[in-house]
Structure formats: structure tokens, C-alpha cells
>>> print(open('protein17.txt').read())   # compact mmCIF, C-alpha atoms
# COMPACT_ATOMS: atom_id res chain seq x y z
CA MET E 91 0.86 50.65 193.88
CA ASP E 92 1.79 47.13 192.77
CA PHE E 93 2.64 46.49 189.11
CA LEU E 94 1.79 42.90 188.15
CA THR E 95 3.26 41.44 184.94
CA PRO E 96 1.89 38.00 184.01
CA ALA E 97 3.50 36.36 180.97
CA THR E 98 0.61 34.06 179.97
CA TRP E 99 -3.17 34.24 179.84
CA ALA E 100 -3.52 31.54 182.48
CA GLU E 101 -1.19 33.45 184.76
CA ALA E 102 -3.13 36.67 184.18
CA LEU E 103 -6.40 35.00 185.17
CA ALA E 104 -4.78 33.55 188.28
CA VAL E 105 -3.43 36.96 189.27
CA LYS E 106 -6.81 38.60 188.69
CA SER E 107 -8.43 35.92 190.85
CA ASP E 108 -5.97 36.61 193.68
CA ARG E 109 -6.05 40.38 193.18
CA PRO E 110 -9.54 41.40 191.97
CA ASP E 111 -8.57 44.97 192.89
CA ALA E 112 -5.93 45.03 190.13
CA VAL E 113 -6.85 47.29 187.20
CA PRO E 114 -6.05 45.72 183.80
CA LEU E 115 -3.61 47.67 181.64
CA ALA E 116 -3.52 47.01 177.89
CA GLY E 117 -2.86 50.09 175.76
CA GLY E 118 -3.16 52.30 178.83
CA THR E 119 -4.76 55.13 176.85
CA ASP E 120 -7.63 55.45 179.33
CA VAL E 121 -6.07 54.17 182.56
CA LEU E 122 -2.96 56.33 182.44
CA VAL E 123 -4.99 59.47 181.79
CA GLU E 124 -7.06 58.75 184.89
CA LEU E 125 -3.89 58.15 186.90
CA ASN E 126 -2.25 61.34 185.64
CA PHE E 127 -5.27 63.42 186.62
CA ASP E 128 -5.60 61.55 189.93
CA HIS E 129 -9.14 60.42 189.06
CA ARG E 130 -8.34 56.97 190.40
CA ARG E 131 -5.57 55.45 192.46
CA PRO E 132 -5.77 51.64 192.24
CA THR E 133 -3.78 49.45 194.59
CA ALA E 134 -2.42 47.43 191.66
CA LEU E 135 -2.08 47.49 187.87
CA LEU E 136 -2.28 44.25 185.89
CA ASP E 137 -0.11 44.60 182.78
CA LEU E 138 -1.50 42.49 179.91
CA THR E 139 0.83 43.71 177.17
CA ARG E 140 3.10 40.65 177.32
CA ILE E 141 0.29 38.17 176.60
CA SER E 142 0.50 37.24 172.93
CA ASP E 143 -2.86 35.42 172.95
CA LEU E 144 -4.63 38.76 173.29
CA THR E 145 -2.97 40.25 170.20
CA GLU E 146 -4.24 37.65 167.72
CA TRP E 147 -7.34 37.52 165.55
CA THR E 148 -8.83 34.59 163.66
CA GLU E 149 -11.60 34.11 161.10
CA GLU E 150 -13.84 31.07 160.87
CA ASP E 151 -17.27 30.42 159.35
CA GLY E 152 -17.91 34.07 158.60
CA HIS E 153 -17.00 35.33 162.06
CA ILE E 154 -13.99 37.15 163.47
CA ARG E 155 -12.56 36.45 166.90
CA LEU E 156 -10.73 39.66 167.71
CA GLY E 157 -8.26 39.42 170.57
CA ALA E 158 -8.81 42.08 173.22
CA GLY E 159 -5.24 43.33 172.72
CA VAL E 160 -5.40 43.95 168.96
CA SER E 161 -4.65 47.63 168.40
CA TYR E 162 -6.81 50.08 166.48
CA THR E 163 -4.04 50.45 163.91
CA ARG E 164 -4.06 46.73 163.20
CA ILE E 165 -7.85 46.74 162.86
CA ILE E 166 -7.49 49.43 160.21
CA THR E 167 -4.63 47.79 158.30
CA GLU E 168 -5.49 44.10 158.70
CA LEU E 169 -9.28 44.02 159.02
CA GLY E 170 -10.41 47.00 156.97
CA THR E 171 -12.13 44.84 154.35
CA ARG E 172 -13.57 42.31 156.79
CA LEU E 173 -14.78 44.78 159.44
CA PRO E 174 -15.05 48.11 157.58
CA GLY E 175 -17.33 49.74 160.15
CA LEU E 176 -15.02 48.93 163.05
CA ALA E 177 -12.08 50.16 160.98
CA MET E 178 -13.92 53.43 160.35
CA ALA E 179 -14.53 53.86 164.06
CA SER E 180 -10.91 52.98 164.83
CA ARG E 181 -9.72 55.69 162.45
CA THR E 182 -11.48 58.33 164.56
CA VAL E 183 -9.72 57.33 167.79
CA GLY E 184 -7.17 59.86 169.01
CA SER E 185 -3.83 60.31 167.27
CA PRO E 186 -1.69 57.72 165.44
CA GLN E 187 0.19 57.12 168.68
CA ILE E 188 -3.05 56.40 170.53
CA ARG E 189 -4.26 54.11 167.74
CA ASN E 190 -0.98 52.20 167.88
CA ARG E 191 -1.48 51.49 171.59
CA GLY E 192 -5.23 51.55 172.18
CA THR E 193 -7.43 48.45 171.86
CA VAL E 194 -11.10 47.57 171.56
CA GLY E 195 -10.69 45.47 174.71
CA GLY E 196 -9.53 48.54 176.58
CA ASN E 197 -12.42 50.55 175.18
CA LEU E 198 -14.79 47.90 176.50
CA GLY E 199 -13.11 47.82 179.89
CA ALA E 200 -13.47 51.58 180.29
CA ALA E 201 -17.13 51.37 179.13
CA SER E 202 -17.31 55.11 178.47
CA PRO E 203 -20.56 56.16 176.77
CA ALA E 204 -18.35 58.09 174.31
CA GLY E 205 -16.15 55.14 173.33
CA ASP E 206 -15.81 55.18 169.55
CA THR E 207 -15.97 51.42 168.92
CA HIS E 208 -19.03 50.68 171.06
CA PRO E 209 -21.77 51.65 168.57
CA MET E 210 -20.29 49.44 165.84
CA LEU E 211 -20.08 46.45 168.19
CA LEU E 212 -23.74 46.94 169.05
CA ALA E 213 -24.83 47.44 165.45
CA CYS E 214 -23.03 44.22 164.44
CA ASP E 215 -24.58 42.32 167.37
CA ALA E 216 -21.13 41.42 168.69
CA THR E 217 -20.45 39.15 171.64
CA ILE E 218 -17.81 39.74 174.30
CA GLU E 219 -15.75 36.75 175.48
CA VAL E 220 -14.69 37.12 179.10
CA ALA E 221 -12.75 34.68 181.25
CA SER E 222 -11.66 33.91 184.80
CA VAL E 223 -10.22 30.92 186.60
CA ARG E 224 -13.85 29.77 186.89
CA GLY E 225 -14.20 29.49 183.12
CA THR E 226 -15.29 31.46 180.06
CA ARG E 227 -18.61 33.13 179.32
CA MET E 228 -20.03 35.03 176.35
CA ILE E 229 -21.81 38.33 176.96
CA PRO E 230 -23.89 39.94 174.18
CA ALA E 231 -22.76 43.50 173.57
CA THR E 232 -26.32 44.62 174.34
CA GLU E 233 -25.86 43.31 177.90
CA PHE E 234 -22.26 44.38 178.45
CA TYR E 235 -22.80 48.08 179.17
CA GLN E 236 -24.34 48.46 182.62
CA GLY E 237 -24.14 52.21 183.22
CA VAL E 238 -21.79 55.17 182.92
CA LYS E 239 -18.32 53.57 182.83
CA ARG E 240 -19.73 50.32 184.23
CA ASN E 241 -19.65 46.97 182.49
CA ALA E 242 -20.83 43.42 183.13
CA LEU E 243 -17.45 42.01 184.16
CA ALA E 244 -17.23 40.21 187.48
CA GLN E 245 -14.36 41.31 189.72
CA ASP E 246 -12.20 38.32 188.78
CA GLU E 247 -12.87 38.44 185.02
CA LEU E 248 -10.84 39.78 182.11
CA ILE E 249 -11.88 40.48 178.52
CA ALA E 250 -10.41 37.86 176.20
CA ALA E 251 -11.88 38.67 172.79
CA ILE E 252 -14.70 40.17 170.78
CA HIS E 253 -16.71 38.00 168.39
CA LEU E 254 -18.46 39.66 165.47
CA PRO E 255 -19.58 38.66 161.98
CA THR E 256 -17.50 39.46 158.94
CA ALA E 257 -19.24 42.21 156.98
CA THR E 258 -21.39 40.93 154.13
CA GLY E 259 -22.76 44.33 153.19
CA PRO E 260 -22.05 48.02 153.70
CA GLN E 261 -21.22 49.43 157.10
CA GLN E 262 -20.86 53.04 158.20
CA PHE E 263 -19.70 54.94 161.26
CA ALA E 264 -19.82 58.69 161.82
CA LYS E 265 -19.34 60.97 164.77
CA VAL E 266 -19.59 64.65 165.64
CA GLY E 267 -16.83 66.28 167.66
CA THR E 268 -15.91 69.77 168.78
CA ARG E 269 -13.06 69.68 166.26
CA ASN E 270 -12.10 67.53 163.27
CA ALA E 271 -9.60 65.14 164.91
CA MET E 272 -8.34 63.84 168.26
CA VAL E 273 -11.61 64.57 169.97
CA ILE E 274 -14.11 62.84 172.25
CA ALA E 275 -17.40 62.30 170.44
CA VAL E 276 -20.26 64.70 171.08
CA CYS E 277 -22.33 61.89 169.60
CA SER E 278 -21.80 59.02 167.16
CA PHE E 279 -23.77 56.55 165.07
CA ALA E 280 -23.07 53.15 163.53
CA LEU E 281 -24.94 51.20 160.85
CA ASP E 282 -24.55 47.62 159.64
CA LEU E 283 -26.48 46.21 156.66
CA ALA E 284 -26.41 42.49 155.79
CA PRO E 285 -28.45 41.87 152.61
CA GLU E 286 -28.18 38.08 152.76
CA THR E 287 -30.07 37.91 156.04
CA GLY E 288 -32.02 41.17 155.86
CA TRP E 289 -30.19 42.44 158.94
CA ALA E 290 -30.02 46.14 159.71
CA GLY E 291 -28.22 47.08 162.90
CA ALA E 292 -27.96 50.62 164.26
CA ALA E 293 -26.56 52.11 167.45
CA VAL E 294 -25.85 55.47 169.05
CA GLY E 295 -22.89 56.56 171.13
CA SER E 296 -22.21 59.45 173.50
CA ALA E 297 -25.92 60.23 173.61
CA ALA E 298 -27.13 58.19 176.59
CA PRO E 299 -25.74 56.81 179.87
CA THR E 300 -24.46 53.86 177.84
CA PRO E 301 -23.97 53.14 174.15
CA ARG E 302 -27.24 51.63 172.95
CA ARG E 303 -28.96 49.99 170.02
CA ALA E 304 -31.54 52.06 168.14
CA THR E 305 -34.02 49.19 168.05
CA ALA E 306 -37.03 51.12 166.73
CA ALA E 307 -34.93 52.46 163.87
CA GLU E 308 -33.61 48.97 163.16
CA ASP E 309 -37.09 47.44 163.02
CA PHE E 310 -38.32 50.20 160.73
CA LEU E 311 -35.36 49.87 158.37
CA ARG E 312 -35.58 46.08 158.11
CA GLU E 313 -39.22 46.40 157.12
CA ALA E 314 -38.53 49.25 154.71
CA LEU E 315 -35.74 47.31 152.99
CA SER E 316 -37.48 43.93 152.93
CA ASP E 317 -38.53 44.28 149.27
CA ALA E 318 -35.57 46.39 148.20
CA TRP E 319 -32.55 44.15 148.74
CA GLU E 320 -32.77 42.51 145.32
CA SER E 321 -33.85 45.44 143.15
CA ARG E 322 -31.74 48.07 144.98
CA PRO E 323 -33.92 51.10 144.21
CA PRO E 324 -33.11 54.60 145.49
CA LEU E 325 -34.35 55.05 149.04
CA PRO E 326 -37.36 57.38 149.27
CA ASP E 327 -36.61 60.52 151.24
CA PRO E 328 -39.44 59.84 153.75
CA VAL E 329 -37.78 56.50 154.63
CA VAL E 330 -34.42 58.15 155.23
CA ARG E 331 -35.97 60.91 157.34
CA ARG E 332 -38.08 58.53 159.40
CA PHE E 333 -35.04 56.39 160.07
CA GLY E 334 -33.24 59.47 161.37
CA GLU E 335 -36.15 60.38 163.63
CA LEU E 336 -36.32 56.90 165.11
CA ALA E 337 -32.55 56.77 165.59
CA ALA E 338 -32.69 60.06 167.49
CA SER E 339 -35.46 58.68 169.69
CA ALA E 340 -32.98 56.11 171.05
CA ALA E 341 -30.91 58.90 172.58
CA SER E 342 -31.34 60.23 176.10
CA PRO E 343 -28.43 62.67 176.30
CA ILE E 344 -27.33 65.28 178.80
CA ASP E 345 -26.04 68.84 178.50
CA ASP E 346 -22.29 69.04 179.06
CA VAL E 347 -19.25 71.05 177.97
CA ARG E 348 -19.16 69.31 174.57
CA GLY E 349 -22.78 69.91 173.57
CA SER E 350 -26.36 70.28 174.65
CA ALA E 351 -28.88 67.46 174.83
CA ASP E 352 -30.98 69.07 172.11
CA TYR E 353 -27.99 69.33 169.81
CA ARG E 354 -27.09 65.68 170.35
CA VAL E 355 -30.61 64.53 169.47
CA HIS E 356 -30.54 66.65 166.31
CA ALA E 357 -27.05 65.43 165.37
CA ILE E 358 -27.97 61.76 165.82
CA ALA E 359 -30.84 62.20 163.36
CA VAL E 360 -28.48 63.82 160.86
CA LEU E 361 -25.81 61.13 161.28
CA ALA E 362 -28.40 58.38 160.88
CA ARG E 363 -29.71 59.89 157.64
CA ARG E 364 -26.20 60.37 156.27
CA THR E 365 -24.89 56.93 157.16
CA LEU E 366 -27.98 55.24 155.72
CA SER E 367 -27.65 57.21 152.49
CA TRP E 368 -23.93 56.41 152.21
CA ALA E 369 -24.43 52.72 153.01
CA TRP E 370 -27.32 52.28 150.59
CA ASP E 371 -25.42 54.08 147.83
CA ASP E 372 -22.51 51.68 148.39
CA TYR E 373 -24.88 48.74 148.20
CA ARG E 374 -26.53 49.98 145.02
CA LYS E 375 -23.09 50.25 143.41
CA GLY E 376 -22.48 46.62 144.30
CA GLY E 377 -19.75 47.11 146.85
CA GLN E 378 -19.03 48.03 150.42
CA PRO E 379 -16.62 50.50 151.99
CA LYS E 380 -13.03 49.40 152.48
CA CYS E 381 -10.70 50.87 155.04
CA ALA E 382 -7.52 48.93 154.31
>>> encode(input="protein17.txt", output="C-alpha cells")
Amino acid sequence: MDFLTPATWAEALAVKSDRPDAVPLAGGTDVLVELNFDHRRPTALLDLTRISDLTEWTEEDGHIRLGAGVSYTRIITELGTRLPGLAMASRTVGSPQIRNRGTVGGNLGAASPAGDTHPMLLACDATIEVASVRGTRMIPATEFYQGVKRNALAQDELIAAIHLPTATGPQQFAKVGTRNAMVIAVCSFALDLAPETGWAGAAVGSAAPTPRRATAAEDFLREALSDAWESRPPLPDPVVRRFGELAASAASPIDDVRGSADYRVHAIAVLARRTLSWAWDDYRKGGQPKCA
């Protein structure tokens, strides 16, 4: 196995062009596990940890450009007030050691249906910036996930950054696991509310072949909240329950060792109701959650 160590982004793209078989290595929290268990044996690894461009984030005009190599820990400590939902999801990833090494870019590259950050990226309508020697292209998060552990990257492309709006309202993320920490999600749910635009984004994770937007639930919630943004009344229980039902309808889960399909559908409905209640309560109090 070859170990390739480019020092710059341009060099990394050139190497990936010459060696499309090379598997990118950022935090290594997914790739090394697969190597250790002999689930894959690539001919080359492309080490991206020396490329400083990937470890930077910038903010401009209400949007964050998050470098693919920014760790979960830095998202929590540096972006907790700007991207509270993503910070919440990052807090649920593995152990402190894993959060220090793991990255959203790596999560995207693995494209696991159970990836903790995927639902929040979908709920926020994020865009993935990918690049090759042929140029750069922007892929909506809704088009990035192609199947179980398959993404929309071409063989010569690498993930450069994730673009997502700075939170202007409450965000929530919740997941169910077989224990309280350091666990792969049985299912997860993300919610993003933006009062200024009337946006309501919702997405499910670990409950379908890919992470996916709960579009019917989103449409229902935007309509239900259309006259409530200014007055901020309590949400009627039928609205909360219907939102949960529609969120669960977005799932198409399987039975596996972590949980049954029926349980996942039930749990998604519960998570949707809870996150909506928490987010709306935050909004009524005039704030939004902070994870700094």
C-alpha cells in the first residue's frame, strides 16, 4: 500500500488525478477502522492532514465556509453559536479523541447512513464544495448521498469545504443509540428554523439507505408556522404530533443488530416531536441554543 503525503491542496488534487484509486485520509476515524477489520484494502492512502487550507473556516454574508478538515472539537468550540445544530451533532460523535481527529469532510466521504452530521447538513440546505484538477463544483447536500456509503464524488475529486448558512433561529439535533455515548445512531433527526425567511428544514439519519430530508414534514411545518413567527404562540399538540408523523414517513429503515425498522420509525416520530418542541420553546424565549 502506497502512502501519499501532499503538502498543498494543488498537490493533493494532482495526486488524486494521477491516482484515483487513492483513498483520502483526514481524521482516519472511518478509514482506519475499515483497514483494521480488513473491510477494505486500498492500493494507496492519500494523507490530507498536512494541508492547512482544509483546516480553516470563514464567514461572509451570513454563510460559513467550513473547511473539510475542521475537526468536530473545533466546530463545538469555535462555531457553537454560529452553527449550534452542527455543534450538537458533533458532540454526539464518538469519544473526545475521535472528535479531536474526526471531520465533517471525512463523514461526507464515508457517506454512512448513520453519520451524525449528515441530517444537520440536509436540514440547513448545505452545499458541498468539491474540487479536482478540472475545477471546482458545488453539490447540494440533497444530491450528495447516492446510496449506502456512496456519494456523488467523481474518482478524481476531493471534498474541499461545506457551505451552510449561519443560524438565524433555533436548531436541534437528537439521536437514539443503544447506549448513552460513543455509539452509532439507531436513528437521528435534525431541525433548522429560520424565522426571517420562514424556513423550516428537517432531516432523518440512520433510518434509510441514505440520510434524507423529511420534505413532507418541512412543508407542513412551514405552513403551520407561517402566521406564528411574529406572535410566537405555544404550538398546538396536533401540530407537533402531525409533524412527528410526517417526519417518520420519510424513513425507510431496515432491521439490524441496533434496532428494528418499526422501532426506528417510532423513534423518528418521537425525536421530531421533541426537537420541534425544544426549538420552538427556545424561539419563544427569544434565543437559540448555544454549544460553545
>>> closest_atom_pairs(input="protein17.txt", of="range 120-207 of chain E", to="range 243-263 of chain E", cutoff="7 Å", atoms="all atoms listed in the file", output="Markdown table")
| residue | atom | partner | partner_atom | distance |
| --- | --- | --- | --- | --- |
| E:Leu144 | CA | E:Ala250 | CA | 6.5 |
| E:Gly152 | CA | E:Thr256 | CA | 5.4 |
| E:His153 | CA | E:Pro255 | CA | 4.2 |
| E:Ile154 | CA | E:Leu254 | CA | 5.5 |
| E:Arg155 | CA | E:His253 | CA | 4.7 |
| E:Leu156 | CA | E:Ile252 | CA | 5.0 |
| E:Gly157 | CA | E:Ala251 | CA | 4.3 |
| E:Ala158 | CA | E:Ala251 | CA | 4.6 |
| E:Arg172 | CA | E:Thr256 | CA | 5.3 |
| E:Leu173 | CA | E:Ala257 | CA | 5.7 |
| E:Pro174 | CA | E:Gln261 | CA | 6.3 |
| E:Gly175 | CA | E:Gln261 | CA | 5.0 |
| E:Met178 | CA | E:Phe263 | CA | 6.0 |
| E:Ala179 | CA | E:Phe263 | CA | 6.0 |
| E:Gly195 | CA | E:Ile249 | CA | 6.4 |
>>> residues_around(input="protein17.txt", residues="Phe93 in chain E", least_positions_apart="2", cutoff="9 Å", atoms="all atoms listed in the file", output="number ranges by chain")
E: 91, 95, 112, 133-137
>>> atom_distance(input="protein17.txt", atom1="CA of Tyr162 in chain E", atom2="CA of Ala116 in chain E")
12.3 Å
>>> atom_distance(input="protein17.txt", atom1="CA of Val160 in chain E", atom2="CA of Gly118 in chain E")
13.1 Å
>>> closest_residue(input="protein17.txt", among="E:Pro110, E:Ala200, E:Cys214, E:Ser161", to="Val123 in chain E", atoms="all atoms listed in the file")
E:Ala200
>>> residues_around(input="protein17.txt", residues="Pro186 in chain E", least_positions_apart="3", cutoff="8 Å", atoms="only C-alpha atoms", output="ChimeraX atom specification")
/E:163,189-190
>>> residues_around(input="protein17.txt", residues="range 207-209 of chain E", least_positions_apart="3", cutoff="6 Å", atoms="all atoms listed in the file", output="number ranges by chain")
E: 179, 212, 280, 293-295
